Amino acid sequence: MRGMGSNYDPNKPVDWGVVKQIWPHLLEYKRRVGLALCCLLAAKLASIGMPFVLKFLVDDLDTQQADSSLALIAVPLGLLLAYGFLRLCNVLLGEIRDTLFGRVTERAMRRVGLKVFEHLHALDLAFHLERRTGGLSRDIERGTNGISFLMRFLIFNILPTFLELFLVMGILWQQYSIDFALIVFFSVVSYVWFSKVTTDWRSQFIREANTADSRSSTRAIDSLINFETVKYFTNERHEAQLYDEDLARWEQAKRKNRLTLFALNSGQALIITVSMTAMLTLAAHHVAEGDMSLGDFVLINAFMMQIFMPLNFLGFVYREIKSAMINIERMFELMKVDSKVSDSAQAPSIEVTEGKIEFNEVAFSYEAERPILKGLSFVLQPGEKLALVGGSGAGKSTIAKLLFRFYDVNEGQILIDGQDIKQVSQLSLRQAIGVVPQDTVLFNQSILENVRYGRPGASDDEVKRAIELAHLKEFIEQLPKGYDTQVGERGLKLSGGEKQRVAIARTILKQPAILVFDEATSSLDSVSERAVLQAIEEVSRNKSSVVIAHRLSTIIDADRILVIENGQVVEQGNHQSLLNMAGHYARLWHLQQSNQEA
C-alpha cells in the first residue's frame, strides 16, 4: 500500500478494528484501569441513589403539617446530608477516575506516536519522495489526539451510560410498571438508531474536511519551506491563490459538516422531548389517580433527566468517537504501508574489514519502462579512491543510493568484503558508510549540534576536532556566537560551502569504513571548492571512497575513474590514461576546459 493522499476514499466505512491495536496499551497499567473502573461503578451507584433520596425527601415534606416552622424542623436532615454526600461522591469519584486513567491514555498516545514515527523512518526512500509532509504531520497529530478521546469516552461514557440505562429500566419496571420501562427502551433505541444512521452518513463529510485540512496544511508548509523560490519568481499571489483554493474546499466540507450536524441535533432533541413528555405525562396521570406519590413523580423526572442528559451527551460522544476513529484509522493506514526495502529475518550485521566493493551485473530501474543501470559491473579495491563521471541521468547517483540500500537492485549483486548487502541489516550497512550529499540539509540547531548529528553520543571535544579537520573552525570562530550559532531551517543561514564542510565534519565524526561523496562540490565557487576538496582528501585518506563528480577537475587525483553512460561502464582508468584514450572522458574534459577558458 503506497501513497495514501489522493487515493483515500471518504465514503468507506469506519474500520473499528483499529481499537484492537490500541487495546494492548490499556493492559500496560492493569491496576490503574481496574481502579478507574471501580471508581466508575461506584460513581454510577451514587448517581442512581440520588433520585431515591429526592423521592424520600419530597414524600416526607409532603406529609408534614401545614405549620412551616414545624415542617422545617421535621425535615429529615439525614436525607439532605445523604443527598449531598452522594452528589459529592459522584463528582469526586469521576475526578479520581479521570486522574487514574489519564496516565493510561497519555502512555498509549506516546507508544502509538512513537510506533508510527519509527515506522515512517523504516520506510524506503520511494515513499518519502512521494509523501506530503504537511498532510502527514496533520494525520499523525489528529490520530494521536483521537486515541485519547476514544479511550476516555468509549470506556467512561458509552459503556457506563448503557449500564445506567439498563439499571434504570429495571428499577422503573420493578417499582412502577412496564410502561415506564418501555418508554425508556423505545426512546433509547430510537435515539441510538437515529444517531448511528445520521452520524454514519455524516462521516463522509468529516473525512472530506480532514482531507481538505491536510491538503491546505501541506500547501502552506510546502510554500513556506520554499520561501526563497516563491520570492525569486514573485509568486506570492499564485501561492495565496492555491492556498485559498484548498481552504475553499475545507470551508465547503465544514459547511456540509455543520448543516448535517444541525439535522442530527434537531432529530435527537425531538426524540428526547417526545420521550420526556410521554414519561412525565404518564407519571402525572398515576399521581392524579393516587397510584403514585409526588416523590415518585420527582424520582421519575430525576431519572429521566439523569438518563437523557448523558444520552444527549452520548450523541456528541458517538459523533466525536466516529471522528476520532476516522483520524486514528487515517494514522494507522500509515502503519499498513510496507517498505520495499526490508531486512531478511535475523539479518546479521555487516563486517567491514577492508572496504572492498563489488557491483556484479547490477540492473536497476525506478520504473519498469525506464531502466537506469544495465548489467553494471566494477570493483573498488580496499583503500581505493574511485570516481564516477558521466552525463546527467547516466546513473551515477543511483549507484550511491543502491550502495546505501535506499533501493534494492532488480538483478545482480552488490558485495562489501564479499557480503551481499541485501543479506545484512540496513542499520549496520548504513553505519559503515558515510555520505556527503550534493545538497546538505541541516537541522535548525547550532552548528555544534548539527555536526554532533554524525555521532550523537560524541563529546564536545570530539565534535570540535571533527570541525577542525573539516576546515570549519576558522569560519566558526569569526561568528559572534561561535559554535552556538543557529543555522536556520535547512541551514539557510550558511553558504553552500559552509554547509558542505558541516556535512564533511559530520562524516569525520561518524568514522565510517567507506565514504561516498555525491557531487559534494558541484554548486561551490572556486575558493569554497578548494577548501572542501582539501577536507575530502584528508577524510578519505586510506579509506575506500566513491566520488561522484560533475567537474572533472575535482577528481584528477582519483586512483581510478569510471565513465558511466546509459547505466554502463564505457571507460575506466586514471585521469591521464583516459585522456590518452581520446574517448568519452577526453571529450568531457576538453569541453569543460574550453568552457572555463571562455
# chains A, B, ... in the order shown; residues from 1 in each chain; ligands from 1
>>> residues_around(residues="segment 256-267 of chain A", least_positions_apart="4", cutoff="10 Å", atoms="only C-alpha atoms", output="ChimeraX atom specification")
/A:191,194-199,201-209,251-252,271-273,312,315-316,319
>>> residues_around(residues="segment 456-462 of chain A", least_positions_apart="4", cutoff="12 Å", atoms="only C-alpha atoms", output="PDB file with C-alpha atoms, in the first residue's frame")
ATOM      1  CA  ILE A 447      26.498  24.329  14.278  1.00  0.00           C
ATOM      2  CA  LEU A 448      27.888  22.206  17.112  1.00  0.00           C
ATOM      3  CA  GLU A 449      24.717  20.093  17.350  1.00  0.00           C
ATOM      4  CA  ASN A 450      24.466  19.740  13.580  1.00  0.00           C
ATOM      5  CA  VAL A 451      27.982  18.288  13.452  1.00  0.00           C
ATOM      6  CA  ARG A 452      27.292  16.120  16.505  1.00  0.00           C
ATOM      7  CA  ALA A 466      35.929  16.945  13.516  1.00  0.00           C
ATOM      8  CA  ILE A 467      35.135  20.604  12.801  1.00  0.00           C
ATOM      9  CA  GLU A 468      38.840  21.390  12.745  1.00  0.00           C
ATOM     10  CA  LEU A 469      39.595  18.546  10.321  1.00  0.00           C
ATOM     11  CA  TYR A 483      29.735  27.045  17.918  1.00  0.00           C
ATOM     12  CA  ASP A 484      26.298  28.016  19.273  1.00  0.00           C
ATOM     13  CA  ALA A 505      32.638  17.249   9.682  1.00  0.00           C
ATOM     14  CA  ARG A 506      29.616  15.046  10.394  1.00  0.00           C
ATOM     15  CA  ILE A 508      34.501  12.605  10.030  1.00  0.00           C
ATOM     16  CA  LEU A 509      32.750  12.317  13.386  1.00  0.00           C
ATOM     17  CA  LYS A 510      30.809   9.249  12.217  1.00  0.00           C
ATOM     18  CA  GLN A 511      34.088   7.460  11.396  1.00  0.00           C
TER      19      GLN A 511
END
>>> closest_residue(among="A:Thr485, A:Ser495, A:Asn235, A:Ser397", to="Val516 of chain A", atoms="only C-alpha atoms")
A:Ser397
>>> select_by_dssp(residues="segment 376-566 of chain A", states="strand (DSSP E)", output="ChimeraX atom specification")
/A:376-380,385-389,411-416,419-420,433-436,514-518,544-548,560-565
>>> write_last_selection(atoms="N, CA and C atoms", output="JSON list (two decimals), in the first residue's frame")
[["chain", "number", "residue", "atom", "x", "y", "z"],
["A", 376, "LEU", "N", 25.59, -3.47, -14.77],
["A", 376, "LEU", "CA", 26.78, -2.71, -14.35],
["A", 376, "LEU", "C", 27.69, -3.58, -13.48],
["A", 377, "SER", "N", 28.98, -3.59, -13.79],
["A", 377, "SER", "CA", 29.95, -4.35, -13.00],
["A", 377, "SER", "C", 31.22, -3.52, -12.82],
["A", 378, "PHE", "N", 31.71, -3.49, -11.61],
["A", 378, "PHE", "CA", 33.02, -2.88, -11.31],
["A", 378, "PHE", "C", 33.43, -3.30, -9.90],
["A", 379, "VAL", "N", 34.71, -3.12, -9.60],
["A", 379, "VAL", "CA", 35.25, -3.46, -8.27],
["A", 379, "VAL", "C", 36.02, -2.26, -7.74],
["A", 380, "LEU", "N", 35.75, -1.90, -6.50],
["A", 380, "LEU", "CA", 36.52, -0.86, -5.81],
["A", 380, "LEU", "C", 37.41, -1.58, -4.80],
["A", 385, "LYS", "N", 40.40, 5.19, -4.18],
["A", 385, "LYS", "CA", 39.51, 6.32, -4.44],
["A", 385, "LYS", "C", 38.99, 6.16, -5.85],
["A", 386, "LEU", "N", 37.70, 5.87, -5.95],
["A", 386, "LEU", "CA", 37.07, 5.60, -7.24],
["A", 386, "LEU", "C", 36.14, 6.76, -7.59],
["A", 387, "ALA", "N", 36.31, 7.33, -8.77],
["A", 387, "ALA", "CA", 35.46, 8.42, -9.21],
["A", 387, "ALA", "C", 34.49, 7.95, -10.28],
["A", 388, "LEU", "N", 33.25, 8.44, -10.22],
["A", 388, "LEU", "CA", 32.22, 8.13, -11.21],
["A", 388, "LEU", "C", 31.87, 9.42, -11.94],
["A", 389, "VAL", "N", 31.98, 9.41, -13.26],
["A", 389, "VAL", "CA", 31.65, 10.59, -14.05],
["A", 389, "VAL", "C", 30.74, 10.18, -15.20],
["A", 411, "GLU", "N", 18.38, -6.84, -10.45],
["A", 411, "GLU", "CA", 19.17, -8.03, -10.79],
["A", 411, "GLU", "C", 20.60, -7.79, -10.36],
["A", 412, "GLY", "N", 21.34, -8.88, -10.17],
["A", 412, "GLY", "CA", 22.74, -8.78, -9.80],
["A", 412, "GLY", "C", 22.96, -8.67, -8.30],
["A", 413, "GLN", "N", 24.20, -8.33, -7.93],
["A", 413, "GLN", "CA", 24.57, -8.27, -6.52],
["A", 413, "GLN", "C", 25.48, -7.07, -6.27],
["A", 414, "ILE", "N", 25.38, -6.55, -5.03],
["A", 414, "ILE", "CA", 26.35, -5.57, -4.54],
["A", 414, "ILE", "C", 27.00, -6.19, -3.30],
["A", 415, "LEU", "N", 28.31, -6.36, -3.33],
["A", 415, "LEU", "CA", 29.03, -7.00, -2.23],
["A", 415, "LEU", "C", 29.98, -6.02, -1.58],
["A", 416, "ILE", "N", 30.07, -6.10, -0.26],
["A", 416, "ILE", "CA", 31.09, -5.36, 0.51],
["A", 416, "ILE", "C", 31.88, -6.41, 1.30],
["A", 419, "GLN", "N", 30.22, -9.72, 1.23],
["A", 419, "GLN", "CA", 28.89, -9.88, 1.84],
["A", 419, "GLN", "C", 27.85, -9.14, 1.00],
["A", 420, "ASP", "N", 26.81, -9.89, 0.60],
["A", 420, "ASP", "CA", 25.71, -9.30, -0.17],
["A", 420, "ASP", "C", 24.96, -8.33, 0.75],
["A", 433, "ILE", "N", 28.87, 3.25, 6.20],
["A", 433, "ILE", "CA", 29.06, 4.13, 5.04],
["A", 433, "ILE", "C", 28.78, 5.58, 5.44],
["A", 434, "GLY", "N", 29.71, 6.46, 5.09],
["A", 434, "GLY", "CA", 29.50, 7.89, 5.31],
["A", 434, "GLY", "C", 29.22, 8.58, 4.00],
["A", 435, "VAL", "N", 28.18, 9.43, 3.96],
["A", 435, "VAL", "CA", 27.78, 10.09, 2.72],
["A", 435, "VAL", "C", 27.84, 11.60, 2.90],
["A", 436, "VAL", "N", 28.48, 12.26, 1.96],
["A", 436, "VAL", "CA", 28.43, 13.73, 1.87],
["A", 436, "VAL", "C", 27.61, 14.04, 0.63],
["A", 514, "ILE", "N", 33.61, 3.27, 4.85],
["A", 514, "ILE", "CA", 33.50, 3.58, 3.43],
["A", 514, "ILE", "C", 32.91, 4.97, 3.28],
["A", 515, "LEU", "N", 33.41, 5.73, 2.30],
["A", 515, "LEU", "CA", 32.95, 7.10, 2.10],
["A", 515, "LEU", "C", 32.35, 7.27, 0.70],
["A", 516, "VAL", "N", 31.27, 8.04, 0.63],
["A", 516, "VAL", "CA", 30.64, 8.36, -0.65],
["A", 516, "VAL", "C", 30.46, 9.88, -0.71],
["A", 517, "PHE", "N", 30.99, 10.49, -1.76],
["A", 517, "PHE", "CA", 30.84, 11.93, -1.97],
["A", 517, "PHE", "C", 30.02, 12.12, -3.25],
["A", 518, "ASP", "N", 28.78, 12.55, -3.07],
["A", 518, "ASP", "CA", 27.86, 12.67, -4.19],
["A", 518, "ASP", "C", 27.83, 14.11, -4.70],
["A", 544, "SER", "N", 38.34, 3.38, 1.59],
["A", 544, "SER", "CA", 37.66, 3.17, 0.31],
["A", 544, "SER", "C", 36.65, 4.29, 0.13],
["A", 545, "SER", "N", 36.71, 4.95, -1.02],
["A", 545, "SER", "CA", 35.80, 6.08, -1.23],
["A", 545, "SER", "C", 35.31, 6.11, -2.66],
["A", 546, "VAL", "N", 34.05, 6.53, -2.80],
["A", 546, "VAL", "CA", 33.42, 6.70, -4.11],
["A", 546, "VAL", "C", 33.11, 8.18, -4.25],
["A", 547, "VAL", "N", 33.61, 8.79, -5.33],
["A", 547, "VAL", "CA", 33.39, 10.22, -5.56],
["A", 547, "VAL", "C", 32.59, 10.37, -6.85],
["A", 548, "ILE", "N", 31.39, 10.90, -6.71],
["A", 548, "ILE", "CA", 30.56, 11.19, -7.89],
["A", 548, "ILE", "C", 30.81, 12.64, -8.25],
["A", 560, "ARG", "N", 41.19, 5.66, -9.74],
["A", 560, "ARG", "CA", 40.54, 5.12, -10.95],
["A", 560, "ARG", "C", 39.26, 5.90, -11.20],
["A", 561, "ILE", "N", 38.97, 6.10, -12.47],
["A", 561, "ILE", "CA", 37.78, 6.84, -12.88],
["A", 561, "ILE", "C", 36.94, 5.95, -13.78],
["A", 562, "LEU", "N", 35.65, 5.84, -13.45],
["A", 562, "LEU", "CA", 34.72, 5.09, -14.29],
["A", 562, "LEU", "C", 33.84, 6.10, -15.03],
["A", 563, "VAL", "N", 33.75, 5.95, -16.33],
["A", 563, "VAL", "CA", 32.86, 6.79, -17.13],
["A", 563, "VAL", "C", 31.57, 6.00, -17.36],
["A", 564, "ILE", "N", 30.44, 6.55, -16.85],
["A", 564, "ILE", "CA", 29.15, 5.86, -16.93],
["A", 564, "ILE", "C", 28.30, 6.52, -18.00],
["A", 565, "GLU", "N", 27.79, 5.71, -18.89],
["A", 565, "GLU", "CA", 26.86, 6.18, -19.91],
["A", 565, "GLU", "C", 25.75, 5.16, -20.05]]
>>> atom_distance(atom1="atom CA of Trp173 of chain A", atom2="atom CA of Val192 of chain A")
21.1 Å
>>> residues_around(residues="Arg107 of chain A", least_positions_apart="3", cutoff="12 Å", atoms="only C-alpha atoms", output="JSON, numbers by chain")
{"A": [22, 24, 25, 26, 27, 28, 29, 101, 102, 103, 104, 110, 111, 112, 113, 114, 144, 147, 148, 151]}
>>> atom_distance(atom1="atom CA of Ile536 of chain A", atom2="atom CA of Ala582 of chain A")
28.6 Å
>>> residues_around(residues="Leu120 of chain A", least_positions_apart="5", cutoff="10 Å", atoms="only C-alpha atoms", output="list in words")
Leu114, Lys115, Phe127, His128, Leu334, Met335, Val337, Asp338 and Ser339 of chain A
>>> residues_around(residues="Pro512 of chain A", least_positions_apart="5", cutoff="12 Å", atoms="only C-alpha atoms", output="PDB file with C-alpha atoms, in the first residue's frame")
ATOM      1  CA  VAL A 352      33.713  -4.328   7.040  1.00  0.00           C
ATOM      2  CA  THR A 353      37.391  -5.199   7.405  1.00  0.00           C
ATOM      3  CA  GLU A 354      38.910  -3.976   4.128  1.00  0.00           C
ATOM      4  CA  GLY A 355      36.261  -1.938   2.328  1.00  0.00           C
ATOM      5  CA  SER A 428      24.810  -1.929  10.170  1.00  0.00           C
ATOM      6  CA  LEU A 429      25.288  -1.243   6.451  1.00  0.00           C
ATOM      7  CA  ARG A 430      24.487   2.438   6.813  1.00  0.00           C
ATOM      8  CA  GLN A 431      26.637   2.753   9.908  1.00  0.00           C
ATOM      9  CA  ALA A 432      29.572   1.551   7.805  1.00  0.00           C
ATOM     10  CA  ILE A 433      29.056   4.133   5.040  1.00  0.00           C
ATOM     11  CA  GLY A 434      29.497   7.888   5.313  1.00  0.00           C
ATOM     12  CA  VAL A 435      27.777  10.086   2.724  1.00  0.00           C
ATOM     13  CA  VAL A 436      28.429  13.729   1.866  1.00  0.00           C
ATOM     14  CA  GLY A 454      27.143  12.406  12.847  1.00  0.00           C
ATOM     15  CA  ARG A 455      27.541  10.591  16.176  1.00  0.00           C
ATOM     16  CA  ILE A 504      32.141  16.575   5.958  1.00  0.00           C
ATOM     17  CA  ARG A 506      29.616  15.046  10.394  1.00  0.00           C
ATOM     18  CA  THR A 507      31.123  12.263   8.300  1.00  0.00           C
ATOM     19  CA  VAL A 539      38.952  12.482   5.498  1.00  0.00           C
ATOM     20  CA  SER A 540      39.199   9.857   2.731  1.00  0.00           C
ATOM     21  CA  ASN A 542      43.459   5.286   3.419  1.00  0.00           C
ATOM     22  CA  LYS A 543      39.713   4.611   3.147  1.00  0.00           C
ATOM     23  CA  SER A 544      37.655   3.169   0.314  1.00  0.00           C
ATOM     24  CA  SER A 545      35.802   6.081  -1.229  1.00  0.00           C
TER      25      SER A 545
END
>>> closest_residue(among="A:Leu552, A:Val230, A:Leu37, A:Ala248", to="Leu591 of chain A", atoms="only C-alpha atoms")
A:Leu552
>>> closest_residue(among="A:Leu492, A:Ile372, A:Leu588, A:Ala36", to="Arg551 of chain A", atoms="only C-alpha atoms")
A:Leu588
>>> residues_around(residues="Gly146 of chain A", least_positions_apart="5", cutoff="8 Å", atoms="only C-alpha atoms", output="PyMOL selection string")
chain A and resi 321+323-325+327-328
>>> write_last_selection(atoms="C-alpha atoms", output="short mmCIF file (atom, residue, chain, number, x, y, z; two decimals), in the first residue's frame")
data_model
loop_
_atom_site.label_atom_id
_atom_site.label_comp_id
_atom_site.auth_asym_id
_atom_site.auth_seq_id
_atom_site.Cartn_x
_atom_site.Cartn_y
_atom_site.Cartn_z
CA ILE A 321 -15.72 8.88 18.59
CA SER A 323 -14.47 11.39 14.08
CA ALA A 324 -11.66 10.10 16.32
CA MET A 325 -11.90 6.67 14.70
CA ASN A 327 -8.47 10.15 12.46
CA ILE A 328 -6.95 7.06 14.11
#
>>> atom_distance(atom1="atom CA of Lys356 of chain A", atom2="atom CA of Glu384 of chain A")
8.7 Å
>>> closest_residue(among="A:Ile307, A:Leu403, A:Ile140, A:Met292", to="Pro51 of chain A", atoms="only C-alpha atoms")
A:Ile307
>>> select_by_dssp(residues="segment 450-597 of chain A", states="helix (DSSP H, G or I)", output="PyMOL selection string")
chain A and resi 450-452+460-469+473-477+482-484+489-491+496-510+526-539+552-554+575-581+584-597
